[in-house]
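**Student:** One structure is given below, represented as C-alpha cells, and several questions about it will come after.
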Amino acid sequence: MNYFPDEVIEHVFDFVTSNKDRNTISLVCKSWYRIEKFSRQRVFIGNCYAISPERLIGRFPGVKSLTLKGKPHFADFNLVPHDWGGFVYPWIEALARSRVNLEELRMKRMVVTDDALELISRAFVNFKTLVLVSCEGFTTDGLAAIAANCRFLRELDLQENEVEDHRGQWLNCFPESCTSLVSLNFACLKGDINLAALERLVARSPNLKSLKLSRAVPLDTLQKILVRAPQLVDLGVGSFVHDPESETYSKLLTAIEKCKSMRSLSGFLEVAAYCLPAIYPICSSLTSLNLSYAPGIPGSELTKLIRQCRKLQRLWILDCIGDKGLGVVASSCKDLQELRVFPSDPYGVGNAAVTEEGLVAISKGCPKLNSLLYFCQQMTNAALQTVAQNCPNFIRFRLCILDPTKPDSSTDQPLDEGFGAIVQSCKGLRRLSLSGLLTDQVFSFIGKFAEQLEMLSIAFAGNSDKGMLYVLTGCKKIRKLEIRDCPFGNIALLTDVGKYETMRSLWMSSCDVTLGGCKTLAKKMPRLNVEIINENEEMEECIDDRQKVEKMYLYRTLVGPRKDAPEHVWTL
Amino acid sequence: MGSGEGGYEKDLNLEATELRLGLPGTTSSAAAPDQEPEARQARNNKRSLVDRCEEEASKDASRALQKDHDSAPSSKAQIVGWPPIRSYRKNNLQTKKTEAETSSSGIYVKVSMDGAPYLRKIDLNVYKGYSDLLKALENMFKFTIGEYSEREGYKGSEFAPTYEDKDGDWMLVGDVPWEMFMTSCKRLRIMRGSEARGLGCAV
C-alpha cells in the first residue's frame, strides 16, 4: 500500500494541518496511524478532565503545542467554586517526566501555580509560547522564572488573569541575551513595573510585534517604547494621561506617526480624553480596536475616534457609546466583522446603555458582521428580525439583556420570534446566547433551524422539559450546552442519555433536575463524569434523591472520575 | 436592572454588610429614581425566580454585589452571576468607578494647612476651576493666597497651595489644566513660611 518511504509520507502529512483531517488519516491503515501519531504536533484538549496526560503522551509523543481548557464557562460568572479544579501541574509534571519537547502551551480557565511555571521554564528547553487566559493561582514570581529560564521565549501573553503581584523585578529577569520576543502582554498585572527594564527589553527585541502594557506604564515610557519599536503591529496602552502641552506629548505624536504597521489598539487602562487625538494618525489603518477597558471616555470622544477608523474589522467598546454612537460605527466601519458592546454600569439603569436601535443601525451599515456580543437595556422581535435579514452571516450571536427576563419592549411579547429569525437566517451559526423573556417556542426554532450550532447558553428561559428536549434532539452538532435557572428537569435530562457522549459537556444550575435523576444518568453512562456541586453547608446528611440539585456539570471522559475534586464536588 | 430593595432586604440591612470598592460615604451611582417600575419588574410567570433571587441575596449577604440605592419599588434582587461578565472585567469597572469623576460620587481630598490643628476634606468636583477652589480654601482656613503667575508662583503672601500627585511628588497648584489636576491630585497642603517660598519663587 505504501509506495513511499515513511519520511515522504510524513512530509505529505505536514501539509494537513486540521486535526480533524489528521484523525481521518489515522484511520486509513496501521502504517499511516503510526506515522501520523509521531508527527502530530498540535493537540487541543477542550476539557482537561476528558483525558489524562499519560494517555495524551502515549497517543502523541511528539506533541509540541498543547492547548488545555479547565473550568466550565460559567466559572467566569462566579458560578463555580474557586477550588473546583483544573490544575495544570500534573500535566506539566507528566510531560516533563516523559521528556516531551513542549514548545507551546495555551491554557484557559486553569489553575496555574508558580511551581508549574517554574517547572515549565526548566523542563522544556525549546519552550517558546505561553498564553494564559482567565487563569489564576500564580504570582509574578512564576513569571520571573519563565523570563529567566526560557532562552527562546517568543510569546508571553497574559489575558485577564488574576495574578498576585509581588512587585518583584520579573521584567528584570529577562537576560540580556533574550532577544527573541515577538509578543508580550502583561496588561492584567496590577503592580508596579520596572520601567527602565521594560525599555531595555523592548530595545533588544527587534522582532517584537505585539506589546500590551499594564496600567503602571505611563505615557512618557510609552513614548520611549514606541521610538524603539515603530514596527509594532499590536499595541495595548497602559496609562494615557499627560499634559498635552508638554514636550513628552509632542514627542509621542512624532513617535506614533512613525508606527506605520500598527493595526490593533487596546488598553487605555487609564486615559484622559484630551490625550486621544494623539492616536488619530494611526486610526485609518487600524483593523482592531478594543476600548472596553478604557474608563470614562465620553461617547462624543469615542465617536470622534471611530469615525476615522474606516478599516475596522473588530471593535470592542463600552455601552457609553450609546445608540447614536453605534450609528456612527455603522456609517464609518463598513468592514466590521466583530462587535462587542460591554456594559459600563452592569447594575445600574443609566442613559448610557444601548438598545435595539443601536444594533439595528449596525446591522444596516455593517453587512459583514459575523460575531456579536451585545449587552443592552432592551430588545424587540422586530429589531432581531431586521438584524437577521441584514446580517445572515453570523457565526456567533450573543445577546444579553441586562434584565434577563425582559420581554419585547414594544409589544411585551416573548422574544421567541426574534431569536427564531436569527437561527433561521444565519445558517452558519455556531454559537448562541439567549436572554429576555423566552418560552419553549424559541427552543423549538433552535432545534429546527440551528443545524451548525455548537454552543448554546440559556438563562431564565423556557416553560418545560420540552424546551431542552427540542435542543437535544434537534441540534445535531451541539457540543456545549450551559443552562441556568430554567424549568428543565429529569425528563429532559434522561430522555436521550447517549446524546451526552457526543457532546463535550452539559452544565445545569438552579434547574429542576434532582439528585435521583443525576444518579440515574451517572449509572447508565459510565463514560460520563456527572459532578454535583454543593456549596450549601446544610446539605450533608439529609440528602434526598428527590432534592433538586444546585449545580450539575457533566462531561464525557475516557479516564473516569477525577481524583482532585474538592469536598463539595461529588462525582456520582 | 436589578436595583432597589424590597422590604425583605431592607430588614436584613444588607447594605451594612456588603463588600464594595468605593470611597466611604459614597453611594453607588444612583439610577434615575423616576425609571418606570414596569421596565424593571420581572415580567414573568415564574414567581419562583424572584423568590429564589431573594433567597440567594440573603444567603450571599456577605458576598453582595454593588447595589443601586434608588427608592423605586422594584422587587428584583441582585442575581448571582448576572449580567454574565467576567469577574476580571467587573472588578476593572469597580476600580474605575471609585476614581472616575462622576458627579454623584465626588472627588474628596484631604486639605492640610501648616500650623492648623486638624485637616479638612473637600470635594474637587464642586469647584469650577482654580479661582473657585482657591477662594474656597481661603475661606476655609482664613488666610490669603497671593496672585498666581507661571514664573513666580503665588506672589504676595506667605502661603502657597500645593498638592501631592499620583507619583507622590509635591506640586504647585495651578500649573496644569484643571481637569488634569482633578485626576492627579491626591491631597492638598497649604504651605506657609520659608518652605512656601522655596517653591516656584525666584531665588
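Residues in the C-alpha cells are named by chain (A, B, ... in the order shown) and by number from 1 within that chain; ligands are numbered from 1 in the order shown.
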Which chain A residues are at most 7 Å from chain B (counting only C-alpha atoms), as a PDB file with all heavy atoms, in the first residue's frame?
**Tutor:**
ATOM      1  N   ASP A  76     -16.638  31.793  34.778  1.00  0.00           N
ATOM      2  CA  ASP A  76     -16.370  33.221  34.541  1.00  0.00           C
ATOM      3  C   ASP A  76     -17.314  34.106  35.331  1.00  0.00           C
ATOM      4  O   ASP A  76     -17.005  35.264  35.610  1.00  0.00           O
ATOM      5  CB  ASP A  76     -16.561  33.559  33.053  1.00  0.00           C
ATOM      6  CG  ASP A  76     -15.381  33.121  32.206  1.00  0.00           C
ATOM      7  OD1 ASP A  76     -14.365  32.688  32.768  1.00  0.00           O
ATOM      8  OD2 ASP A  76     -15.490  33.220  30.966  1.00  0.00           O
ATOM      9  N   PHE A  77     -18.494  33.588  35.644  1.00  0.00           N
ATOM     10  CA  PHE A  77     -19.512  34.415  36.286  1.00  0.00           C
ATOM     11  C   PHE A  77     -19.728  34.002  37.730  1.00  0.00           C
ATOM     12  O   PHE A  77     -20.825  34.123  38.272  1.00  0.00           O
ATOM     13  CB  PHE A  77     -20.818  34.346  35.497  1.00  0.00           C
ATOM     14  CG  PHE A  77     -20.598  34.413  34.004  1.00  0.00           C
ATOM     15  CD1 PHE A  77     -21.188  33.487  33.161  1.00  0.00           C
ATOM     16  CD2 PHE A  77     -19.775  35.379  33.444  1.00  0.00           C
ATOM     17  CE1 PHE A  77     -20.978  33.533  31.790  1.00  0.00           C
ATOM     18  CE2 PHE A  77     -19.552  35.427  32.075  1.00  0.00           C
ATOM     19  CZ  PHE A  77     -20.156  34.500  31.243  1.00  0.00           C
ATOM     20  N   ASN A  78     -18.684  33.477  38.357  1.00  0.00           N
ATOM     21  CA  ASN A  78     -18.743  33.122  39.775  1.00  0.00           C
ATOM     22  C   ASN A  78     -19.725  32.014  40.092  1.00  0.00           C
ATOM     23  O   ASN A  78     -20.197  31.935  41.214  1.00  0.00           O
ATOM     24  CB  ASN A  78     -19.106  34.346  40.628  1.00  0.00           C
ATOM     25  CG  ASN A  78     -17.995  35.366  40.632  1.00  0.00           C
ATOM     26  OD1 ASN A  78     -16.859  35.030  40.352  1.00  0.00           O
ATOM     27  ND2 ASN A  78     -18.334  36.597  40.925  1.00  0.00           N
ATOM     28  N   LEU A  79     -20.037  31.172  39.142  1.00  0.00           N
ATOM     29  CA  LEU A  79     -20.974  30.099  39.434  1.00  0.00           C
ATOM     30  C   LEU A  79     -20.260  28.794  39.812  1.00  0.00           C
ATOM     31  O   LEU A  79     -20.895  27.818  40.170  1.00  0.00           O
ATOM     32  CB  LEU A  79     -21.904  29.839  38.226  1.00  0.00           C
ATOM     33  CG  LEU A  79     -22.925  30.953  37.962  1.00  0.00           C
ATOM     34  CD1 LEU A  79     -23.740  30.655  36.718  1.00  0.00           C
ATOM     35  CD2 LEU A  79     -23.861  31.105  39.143  1.00  0.00           C
ATOM     36  N   GLU A 160      -6.359  38.681  31.046  1.00  0.00           N
ATOM     37  CA  GLU A 160      -7.405  38.667  32.071  1.00  0.00           C
ATOM     38  C   GLU A 160      -7.191  37.628  33.171  1.00  0.00           C
ATOM     39  O   GLU A 160      -8.133  36.951  33.584  1.00  0.00           O
ATOM     40  CB  GLU A 160      -8.787  38.437  31.414  1.00  0.00           C
ATOM     41  CG  GLU A 160      -9.155  39.541  30.437  1.00  0.00           C
ATOM     42  CD  GLU A 160     -10.603  39.473  29.986  1.00  0.00           C
ATOM     43  OE1 GLU A 160     -11.244  38.436  30.189  1.00  0.00           O
ATOM     44  OE2 GLU A 160     -11.076  40.475  29.432  1.00  0.00           O
ATOM     45  N   PRO A 295     -11.735  53.586  30.919  1.00  0.00           N
ATOM     46  CA  PRO A 295     -12.785  54.162  31.748  1.00  0.00           C
ATOM     47  C   PRO A 295     -13.189  55.542  31.271  1.00  0.00           C
ATOM     48  O   PRO A 295     -12.349  56.311  30.851  1.00  0.00           O
ATOM     49  CB  PRO A 295     -12.101  54.264  33.110  1.00  0.00           C
ATOM     50  CG  PRO A 295     -10.662  54.498  32.785  1.00  0.00           C
ATOM     51  CD  PRO A 295     -10.397  53.763  31.507  1.00  0.00           C
ATOM     52  N   GLY A 296     -14.436  55.834  31.375  1.00  0.00           N
ATOM     53  CA  GLY A 296     -14.902  57.201  31.241  1.00  0.00           C
ATOM     54  C   GLY A 296     -14.545  57.980  30.005  1.00  0.00           C
ATOM     55  O   GLY A 296     -14.408  59.188  30.075  1.00  0.00           O
ATOM     56  N   PRO A 346     -23.012  47.728  35.044  1.00  0.00           N
ATOM     57  CA  PRO A 346     -23.763  46.475  34.957  1.00  0.00           C
ATOM     58  C   PRO A 346     -25.013  46.419  35.812  1.00  0.00           C
ATOM     59  O   PRO A 346     -25.926  45.696  35.520  1.00  0.00           O
ATOM     60  CB  PRO A 346     -22.769  45.424  35.441  1.00  0.00           C
ATOM     61  CG  PRO A 346     -21.439  46.056  35.381  1.00  0.00           C
ATOM     62  CD  PRO A 346     -21.637  47.523  35.489  1.00  0.00           C
ATOM     63  N   TYR A 347     -25.025  47.150  36.901  1.00  0.00           N
ATOM     64  CA  TYR A 347     -26.181  47.017  37.788  1.00  0.00           C
ATOM     65  C   TYR A 347     -27.087  48.224  37.759  1.00  0.00           C
ATOM     66  O   TYR A 347     -28.132  48.224  38.351  1.00  0.00           O
ATOM     67  CB  TYR A 347     -25.705  46.758  39.224  1.00  0.00           C
ATOM     68  CG  TYR A 347     -24.785  45.579  39.246  1.00  0.00           C
ATOM     69  CD1 TYR A 347     -23.424  45.736  39.467  1.00  0.00           C
ATOM     70  CD2 TYR A 347     -25.272  44.311  38.975  1.00  0.00           C
ATOM     71  CE1 TYR A 347     -22.578  44.649  39.436  1.00  0.00           C
ATOM     72  CE2 TYR A 347     -24.433  43.232  38.942  1.00  0.00           C
ATOM     73  CZ  TYR A 347     -23.084  43.399  39.172  1.00  0.00           C
ATOM     74  OH  TYR A 347     -22.247  42.334  39.136  1.00  0.00           O
ATOM     75  N   GLY A 348     -26.660  49.243  37.059  1.00  0.00           N
ATOM     76  CA  GLY A 348     -27.478  50.443  37.025  1.00  0.00           C
ATOM     77  C   GLY A 348     -28.421  50.442  35.851  1.00  0.00           C
ATOM     78  O   GLY A 348     -28.377  49.577  34.986  1.00  0.00           O
ATOM     79  N   VAL A 349     -29.283  51.373  35.811  1.00  0.00           N
ATOM     80  CA  VAL A 349     -30.153  51.537  34.655  1.00  0.00           C
ATOM     81  C   VAL A 349     -29.916  52.958  34.182  1.00  0.00           C
ATOM     82  O   VAL A 349     -30.681  53.851  34.491  1.00  0.00           O
ATOM     83  CB  VAL A 349     -31.632  51.351  35.044  1.00  0.00           C
ATOM     84  CG1 VAL A 349     -32.492  51.393  33.806  1.00  0.00           C
ATOM     85  CG2 VAL A 349     -31.818  50.045  35.757  1.00  0.00           C
ATOM     86  N   GLY A 350     -28.847  53.145  33.471  1.00  0.00           N
ATOM     87  CA  GLY A 350     -28.471  54.501  33.117  1.00  0.00           C
ATOM     88  C   GLY A 350     -28.859  54.859  31.707  1.00  0.00           C
ATOM     89  O   GLY A 350     -29.325  54.036  30.940  1.00  0.00           O
ATOM     90  N   LEU A 402     -29.838  43.233  30.038  1.00  0.00           N
ATOM     91  CA  LEU A 402     -29.428  43.347  31.434  1.00  0.00           C
ATOM     92  C   LEU A 402     -30.487  42.828  32.401  1.00  0.00           C
ATOM     93  O   LEU A 402     -30.172  42.279  33.457  1.00  0.00           O
ATOM     94  CB  LEU A 402     -29.047  44.796  31.764  1.00  0.00           C
ATOM     95  CG  LEU A 402     -27.763  45.249  31.058  1.00  0.00           C
ATOM     96  CD1 LEU A 402     -27.486  46.722  31.303  1.00  0.00           C
ATOM     97  CD2 LEU A 402     -26.579  44.414  31.535  1.00  0.00           C
ATOM     98  N   ASP A 403     -31.736  43.002  32.071  1.00  0.00           N
ATOM     99  CA  ASP A 403     -32.809  42.380  32.825  1.00  0.00           C
ATOM    100  C   ASP A 403     -33.131  41.064  32.120  1.00  0.00           C
ATOM    101  O   ASP A 403     -33.727  41.070  31.051  1.00  0.00           O
ATOM    102  CB  ASP A 403     -34.020  43.312  32.823  1.00  0.00           C
ATOM    103  CG  ASP A 403     -35.207  42.709  33.544  1.00  0.00           C
ATOM    104  OD1 ASP A 403     -35.188  41.502  33.860  1.00  0.00           O
ATOM    105  OD2 ASP A 403     -36.167  43.452  33.795  1.00  0.00           O
ATOM    106  N   THR A 405     -35.168  38.622  32.048  1.00  0.00           N
ATOM    107  CA  THR A 405     -36.449  38.069  31.609  1.00  0.00           C
ATOM    108  C   THR A 405     -37.318  39.147  30.980  1.00  0.00           C
ATOM    109  O   THR A 405     -38.549  39.066  30.992  1.00  0.00           O
ATOM    110  CB  THR A 405     -37.203  37.452  32.803  1.00  0.00           C
ATOM    111  OG1 THR A 405     -37.282  38.444  33.839  1.00  0.00           O
ATOM    112  CG2 THR A 405     -36.489  36.234  33.329  1.00  0.00           C
ATOM    113  N   LYS A 406     -36.670  40.129  30.416  1.00  0.00           N
ATOM    114  CA  LYS A 406     -37.433  41.247  29.871  1.00  0.00           C
ATOM    115  C   LYS A 406     -38.068  40.868  28.541  1.00  0.00           C
ATOM    116  O   LYS A 406     -37.395  40.334  27.658  1.00  0.00           O
ATOM    117  CB  LYS A 406     -36.481  42.415  29.651  1.00  0.00           C
ATOM    118  CG  LYS A 406     -37.185  43.693  29.437  1.00  0.00           C
ATOM    119  CD  LYS A 406     -36.240  44.858  29.576  1.00  0.00           C
ATOM    120  CE  LYS A 406     -37.080  46.115  29.450  1.00  0.00           C
ATOM    121  NZ  LYS A 406     -36.372  47.308  29.507  1.00  0.00           N
TER     122      LYS A 406
END
**Student:** Tell me, which residues of region 311-533 of chain A carry DSSP strand (DSSP E or B), written as a ChimeraX atom specification?
**Tutor:** /A:314-318,338-342,371-376,396-401,431-433,455-459,480-484,489,505-509,512,514,528-533
**Student:** According to DSSP computed on the backbone, where in region 172-284 of chain A is there alpha helix (DSSP H)? Give the residues as number ranges by chain.
**Tutor:** A: 195-203, 219-228, 247-257, 280-283
